[in-house]
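Peer 1: Can you keep this structure in mind? I'll have questions shortly.
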Amino acid sequence: MTEALIYVVMVVGLSIFIGNSGIVSFGHVTFALIAAYASAWQTCCGPMKGIFMPDLPAWLLALQVPVLGAAVIASALAALVALLLGTMLMRLSGTAASIALLSMLFVFKTIYENWQGWTAGQSAVVGLPTYVSLWTAFAAVLLAIMIATIYRISSFGLRLRAVREDEAAARASGVNAWAQKLIAFTVSGFVSGLGGVLYGHFLGTISVSMFWLDMTFLTLAMLVVGGLRSLTGAVVGTMTVVVLRESIQVFERGIAVGGDLLKAPEGTREILLALLLLLVLIFRPEGIVGEREAGEKR
């Protein structure tokens with residue numbers, strides 16, 4: 001359940017951008033990667049920090065920031081990177097923007113895998129404080145939903161949805177499409193970064209390979225299943241996919257029936273998740289929730 005709530009934070013971060021802009025992002029895991037390592041630089045493993053990441057500046061090697069402060073700083077760094085990159089990428093729209101965001105993920109993965117002295121390269125960094133409990137993750141979910149809701153009901157969210165529906169008409173009405181996409185991209189970068197921090201401090205270890213295509217497509221599948229344009233859908237889709245994956249994992253481990261052990265083949269989770277996604281796209285392309293929001297009358 002704790003891991004499921006961490007995924008809710010990540011998917012809510014995705015929803016802030018995708019749901020309001022209509023641009024499918026394959027690159028938001030980048031911000032989880034950036035924030036997870038930024039938090040590790042501030043909190044990791046005492047004297048072992050110099051072994052894992054020997055090229056860190058002396059002041060950073062000696063730095064030990066309280067975990068809450070480190071989470072805020074790391075998420076803010078992810079938001080800053082989103083702001084800087086967004087000034088260029090948010091000039092694109094549609095398929096071009098989606099491909100550019102995927103390219104961003106490839107670039108940062110390559111950088112972090114080869115930045116040995118700061119990230120331990122392809123090795124894992126272990127010894128992060130494991131402070132993320134069920135209630136910590138739940139509090140983070142409430143914070144993420146609050147940020148997403150405030151953005152959604154604000155004038156910024158309204159303007160961006162106007163751009164999503166008809167960019168030419170929105171521009172004619174005086175809406176700066178680039179600025180509105182950039183604001184959403186920055187806010188979503190912060191929330192996605194928070195998800196990365198939680199994930200690292202839940203496991204107690206991070207590696208670059210954790211924040212790669214598996215996580216990218218899993219979080220996107222969660223959002224698509226619930227509803228691309230709904231914050232409620234982000235939560236419902238995440239919990240639906242998690243329940244499905246965990247239920248199948250029980251069968252992959254094996255269930256004793258009488259004297260026999262019934263086991264599903266390895267990879268069954270991925271196959272059934274793909275089938276679920278396919279069925280949703282065919283029979284309910286707007287997702288389980290559609291565009292509805294909890295508590296809103298239509």
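Here, A, B, ... name the chains of the structure tokens in the order displayed, residue numbers run from 1 inside each chain, and ligands are numbered from 1 in the same displayed order.
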Give me the residues of region 70-126 of chain A that have any atom at most 12 Å from an atom of region 134-145 of chain A; for each, the nearest atom pair and the distance in Å, rounded to one decimal. Use only C-alpha atoms, sort by chain and number, and format it as JSON lines.
Peer 2:
```
{"residue": "A:Ala71", "atom": "CA", "partner": "A:Ala140", "partner_atom": "CA", "distance": 10.7}
{"residue": "A:Val72", "atom": "CA", "partner": "A:Ala140", "partner_atom": "CA", "distance": 11.4}
{"residue": "A:Ser75", "atom": "CA", "partner": "A:Ala144", "partner_atom": "CA", "distance": 11.8}
```
Peer 1: Residues of region 20-225 of chain A classed as strand (DSSP E or B) by DSSP on the backbone are to be reported as a PyMOL selection string.
Peer 2: chain A and resi 125-126+205-206
Peer 1: Write out as a PyMOL selection string the residues lying within 9 Å of region 56-58 of chain A, counting only C-alpha atoms and excluding same-chain residues fewer than 4 positions away.
Peer 2: chain A and resi 41+49-50+62-63+117-118
Peer 1: Pick out the residues sitting within 7 Å of Ile6 (chain A), and hand them over as a compact mmCIF listing (two decimals) with N, CA and C atoms, in the first residue's frame; count only C-alpha atoms, and ignore anything fewer than 5 positions along from it in its own chain.
Peer 2:
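What ended up in part.txt:
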```
# COMPACT_ATOMS: atom_id res chain seq x y z
N ALA A 137 3.57 8.42 3.22
CA ALA A 137 3.13 8.38 1.82
C ALA A 137 1.72 8.95 1.67
N GLY A 195 7.61 12.38 -5.77
CA GLY A 195 7.41 10.94 -5.89
C GLY A 195 8.72 10.18 -5.95
N LEU A 198 10.28 10.03 -2.43
CA LEU A 198 9.59 9.05 -1.61
C LEU A 198 10.00 7.62 -1.99
N TYR A 199 10.12 7.38 -3.29
CA TYR A 199 10.46 6.03 -3.76
C TYR A 199 11.84 5.62 -3.27
```
Peer 1: Excluding same-chain residues fewer than 3 positions from region 216-221 of chain A, what lies within 7 Å of it counting only C-alpha atoms, as a compact mmCIF listing (two decimals) with N, CA, C and O atoms, in the first residue's frame?
Peer 2:
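Output below, filename selection-v4.txt:
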```txt
# COMPACT_ATOMS: atom_id res chain seq x y z
N VAL A 11 1.80 9.69 -10.40
CA VAL A 11 0.77 9.78 -11.44
C VAL A 11 0.01 11.10 -11.34
O VAL A 11 -0.38 11.68 -12.35
N PHE A 26 6.32 11.36 -22.03
CA PHE A 26 7.09 10.14 -21.76
C PHE A 26 8.34 10.45 -20.95
O PHE A 26 9.21 9.59 -20.82
N VAL A 29 9.43 10.84 -15.62
CA VAL A 29 10.26 10.05 -14.71
C VAL A 29 11.62 10.72 -14.52
O VAL A 29 12.29 10.52 -13.51
N TRP A 212 13.36 4.41 -15.32
CA TRP A 212 13.58 4.22 -16.75
C TRP A 212 12.26 3.83 -17.39
O TRP A 212 11.21 4.20 -16.91
N LEU A 213 12.29 3.10 -18.47
CA LEU A 213 11.09 2.88 -19.28
C LEU A 213 10.02 2.08 -18.54
O LEU A 213 8.83 2.31 -18.75
N VAL A 224 -3.76 6.37 -17.94
CA VAL A 224 -4.67 6.07 -19.05
C VAL A 224 -5.85 5.24 -18.56
O VAL A 224 -7.00 5.48 -18.94
N VAL A 225 -5.59 4.25 -17.71
CA VAL A 225 -6.66 3.40 -17.21
C VAL A 225 -7.67 4.22 -16.40
O VAL A 225 -8.88 4.04 -16.54
N LEU A 277 -4.96 -2.46 -20.48
CA LEU A 277 -4.79 -1.18 -21.16
C LEU A 277 -5.46 -1.21 -22.53
O LEU A 277 -6.13 -0.25 -22.94
```
Peer 1: Given the choices A:Ala78, A:Ala124, A:Leu228, A:Ala179, which gets closest to Ser15 (chain A) if the distance is worked out from only C-alpha atoms?
Peer 2: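 The answer is A:Leu228, which sits nearest to Ser15 (chain A).
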Peer 1: My list of candidates is A:Lys181, A:Arg284, A:Arg161, A:Lys109. Which is closest to Leu83 (chain A) when distances are computed with only C-alpha atoms?
Peer 2: A:Lys181
Peer 1: Using only C-alpha atoms, which protein or nucleic acid residues come within 6 Å of region 95-104 of chain A? Drop anything in the same chain fewer than 2 positions from it, and give the result as JSON, numbers by chain.
Peer 2: {"A": [24, 25, 26, 27, 92, 93, 106, 107]}
Peer 1: Go ahead and write the selection's residues with C-alpha atoms as a compact mmCIF listing (two decimals), in the first residue's frame.
Peer 2:
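Result saved to selection11.txt:
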```txt
# COMPACT_ATOMS: atom_id res chain seq x y z
CA VAL A 24 1.32 12.92 -23.45
CA SER A 25 4.63 13.04 -21.59
CA PHE A 26 7.09 10.14 -21.76
CA GLY A 27 9.68 12.08 -19.79
CA LEU A 92 6.35 22.29 -29.08
CA SER A 93 2.97 20.61 -29.00
CA PHE A 106 17.19 9.36 -22.57
CA VAL A 107 19.59 12.29 -22.14
```
Peer 1: Leaving out Val187 (chain A) and any residue of its chain fewer than 2 positions from it, which residues lie within 12 Å of it when counting only C-alpha atoms, given as a VMD selection string?
Peer 2: chain A and resid 12 to 18 20 28 31 75 to 83 86 144 146 to 152 156 to 157 180 to 185 189 to 194
Peer 1: Nearest residue to Gln116 (chain A) out of A:Tyr131, A:Phe251, A:Phe52, A:Trp59, using only C-alpha atoms?
Peer 2: A:Phe52
Peer 1: What is the CA of Tyr7 (chain A) to CA of Val242 (chain A) distance in Å?
Peer 2: 8.9 Å
Peer 1: Just list the residues in region 62-115 of chain A DSSP gives alpha helix (DSSP H) on the backbone, as a PyMOL selection string.
Peer 2: chain A and resi 62+67-89+94-114
Peer 1: Only N, CA and C atoms, please: the residues just picked out, written as a short mmCIF file (atom, residue, chain, number, x, y, z; two decimals), in the first residue's frame.
Peer 2:
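As written to disk, selection-v4.cif reads:
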```cif
data_model
loop_
_atom_site.label_atom_id
_atom_site.label_comp_id
_atom_site.auth_asym_id
_atom_site.auth_seq_id
_atom_site.Cartn_x
_atom_site.Cartn_y
_atom_site.Cartn_z
N ALA A 62 29.87 16.60 3.43
CA ALA A 62 29.67 16.76 4.87
C ALA A 62 28.23 17.11 5.23
N VAL A 67 15.35 15.10 6.71
CA VAL A 67 14.72 14.46 5.55
C VAL A 67 13.60 15.31 4.93
N LEU A 68 12.84 16.03 5.75
CA LEU A 68 11.77 16.86 5.20
C LEU A 68 12.34 18.00 4.38
N GLY A 69 13.35 18.67 4.91
CA GLY A 69 13.99 19.75 4.17
C GLY A 69 14.63 19.24 2.89
N ALA A 70 15.27 18.06 2.96
CA ALA A 70 15.89 17.48 1.77
C ALA A 70 14.85 17.17 0.70
N ALA A 71 13.68 16.68 1.12
CA ALA A 71 12.62 16.36 0.15
C ALA A 71 12.13 17.62 -0.56
N VAL A 72 11.97 18.71 0.19
CA VAL A 72 11.51 19.97 -0.42
C VAL A 72 12.57 20.52 -1.37
N ILE A 73 13.83 20.51 -0.94
CA ILE A 73 14.90 21.04 -1.78
C ILE A 73 15.05 20.21 -3.06
N ALA A 74 15.01 18.88 -2.91
CA ALA A 74 15.16 18.00 -4.07
C ALA A 74 14.01 18.17 -5.05
N SER A 75 12.79 18.27 -4.54
CA SER A 75 11.63 18.47 -5.42
C SER A 75 11.69 19.83 -6.10
N ALA A 76 12.17 20.85 -5.37
CA ALA A 76 12.32 22.18 -5.95
C ALA A 76 13.38 22.17 -7.05
N LEU A 77 14.45 21.37 -6.88
CA LEU A 77 15.46 21.26 -7.92
C LEU A 77 14.85 20.63 -9.18
N ALA A 78 14.03 19.59 -9.00
CA ALA A 78 13.35 18.98 -10.14
C ALA A 78 12.45 20.00 -10.84
N ALA A 79 11.76 20.83 -10.06
CA ALA A 79 10.91 21.87 -10.64
C ALA A 79 11.73 22.90 -11.40
N LEU A 80 12.91 23.25 -10.86
CA LEU A 80 13.79 24.20 -11.53
C LEU A 80 14.28 23.65 -12.87
N VAL A 81 14.66 22.38 -12.89
CA VAL A 81 15.07 21.74 -14.14
C VAL A 81 13.91 21.74 -15.13
N ALA A 82 12.70 21.44 -14.64
CA ALA A 82 11.52 21.47 -15.51
C ALA A 82 11.30 22.87 -16.08
N LEU A 83 11.50 23.88 -15.26
CA LEU A 83 11.34 25.26 -15.72
C LEU A 83 12.35 25.60 -16.82
N LEU A 84 13.61 25.23 -16.59
CA LEU A 84 14.66 25.56 -17.56
C LEU A 84 14.47 24.80 -18.87
N LEU A 85 14.19 23.51 -18.78
CA LEU A 85 13.99 22.73 -19.99
C LEU A 85 12.69 23.10 -20.68
N GLY A 86 11.69 23.42 -19.87
CA GLY A 86 10.39 23.76 -20.43
C GLY A 86 10.39 25.03 -21.27
N THR A 87 11.32 25.95 -20.97
CA THR A 87 11.38 27.17 -21.79
C THR A 87 11.63 26.84 -23.26
N MET A 88 12.29 25.70 -23.50
CA MET A 88 12.51 25.25 -24.89
C MET A 88 11.44 24.26 -25.33
N LEU A 89 11.20 23.24 -24.51
CA LEU A 89 10.34 22.14 -24.94
C LEU A 89 8.88 22.54 -25.06
N GLY A 94 1.76 18.53 -29.17
CA GLY A 94 1.39 17.27 -29.78
C GLY A 94 2.49 16.23 -29.77
N THR A 95 2.60 15.50 -30.88
CA THR A 95 3.56 14.41 -30.99
C THR A 95 5.00 14.90 -30.85
N ALA A 96 5.29 16.07 -31.40
CA ALA A 96 6.65 16.61 -31.31
C ALA A 96 7.07 16.81 -29.86
N ALA A 97 6.16 17.31 -29.04
CA ALA A 97 6.47 17.52 -27.62
C ALA A 97 6.67 16.18 -26.92
N SER A 98 5.84 15.18 -27.23
CA SER A 98 5.96 13.86 -26.59
C SER A 98 7.31 13.23 -26.90
N ILE A 99 7.74 13.32 -28.16
CA ILE A 99 9.03 12.75 -28.55
C ILE A 99 10.17 13.51 -27.89
N ALA A 100 10.05 14.83 -27.81
CA ALA A 100 11.09 15.63 -27.16
C ALA A 100 11.22 15.28 -25.68
N LEU A 101 10.09 15.03 -25.03
CA LEU A 101 10.13 14.68 -23.61
C LEU A 101 10.73 13.28 -23.40
N LEU A 102 10.47 12.37 -24.32
CA LEU A 102 11.11 11.05 -24.24
C LEU A 102 12.63 11.19 -24.44
N SER A 103 13.02 12.06 -25.37
CA SER A 103 14.45 12.31 -25.59
C SER A 103 15.11 12.88 -24.34
N MET A 104 14.38 13.74 -23.61
CA MET A 104 14.88 14.29 -22.36
C MET A 104 15.20 13.19 -21.37
N LEU A 105 14.33 12.19 -21.27
CA LEU A 105 14.57 11.06 -20.37
C LEU A 105 15.83 10.30 -20.78
N PHE A 106 16.00 10.06 -22.08
CA PHE A 106 17.19 9.36 -22.57
C PHE A 106 18.46 10.14 -22.22
N VAL A 107 18.41 11.45 -22.40
CA VAL A 107 19.59 12.29 -22.14
C VAL A 107 19.98 12.22 -20.67
N PHE A 108 19.01 12.39 -19.78
CA PHE A 108 19.33 12.40 -18.34
C PHE A 108 19.75 11.02 -17.85
N LYS A 109 19.17 9.97 -18.39
CA LYS A 109 19.60 8.63 -18.01
C LYS A 109 21.07 8.43 -18.38
N THR A 110 21.43 8.85 -19.59
CA THR A 110 22.82 8.71 -20.03
C THR A 110 23.77 9.53 -19.16
N ILE A 111 23.36 10.75 -18.84
CA ILE A 111 24.20 11.62 -18.00
C ILE A 111 24.40 11.00 -16.63
N TYR A 112 23.34 10.56 -16.00
CA TYR A 112 23.44 10.04 -14.63
C TYR A 112 24.18 8.70 -14.59
N GLU A 113 24.05 7.90 -15.65
CA GLU A 113 24.78 6.63 -15.67
C GLU A 113 26.28 6.82 -15.85
N ASN A 114 26.67 7.94 -16.44
CA ASN A 114 28.09 8.18 -16.69
C ASN A 114 28.69 9.22 -15.75
#
```
Peer 1: I'd like to know which of A:Cys45, A:Ala256, A:Val175, A:Leu231 is closest to Arg159 (chain A), using only C-alpha atoms.
Peer 2: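 Closest candidate: A:Val175.
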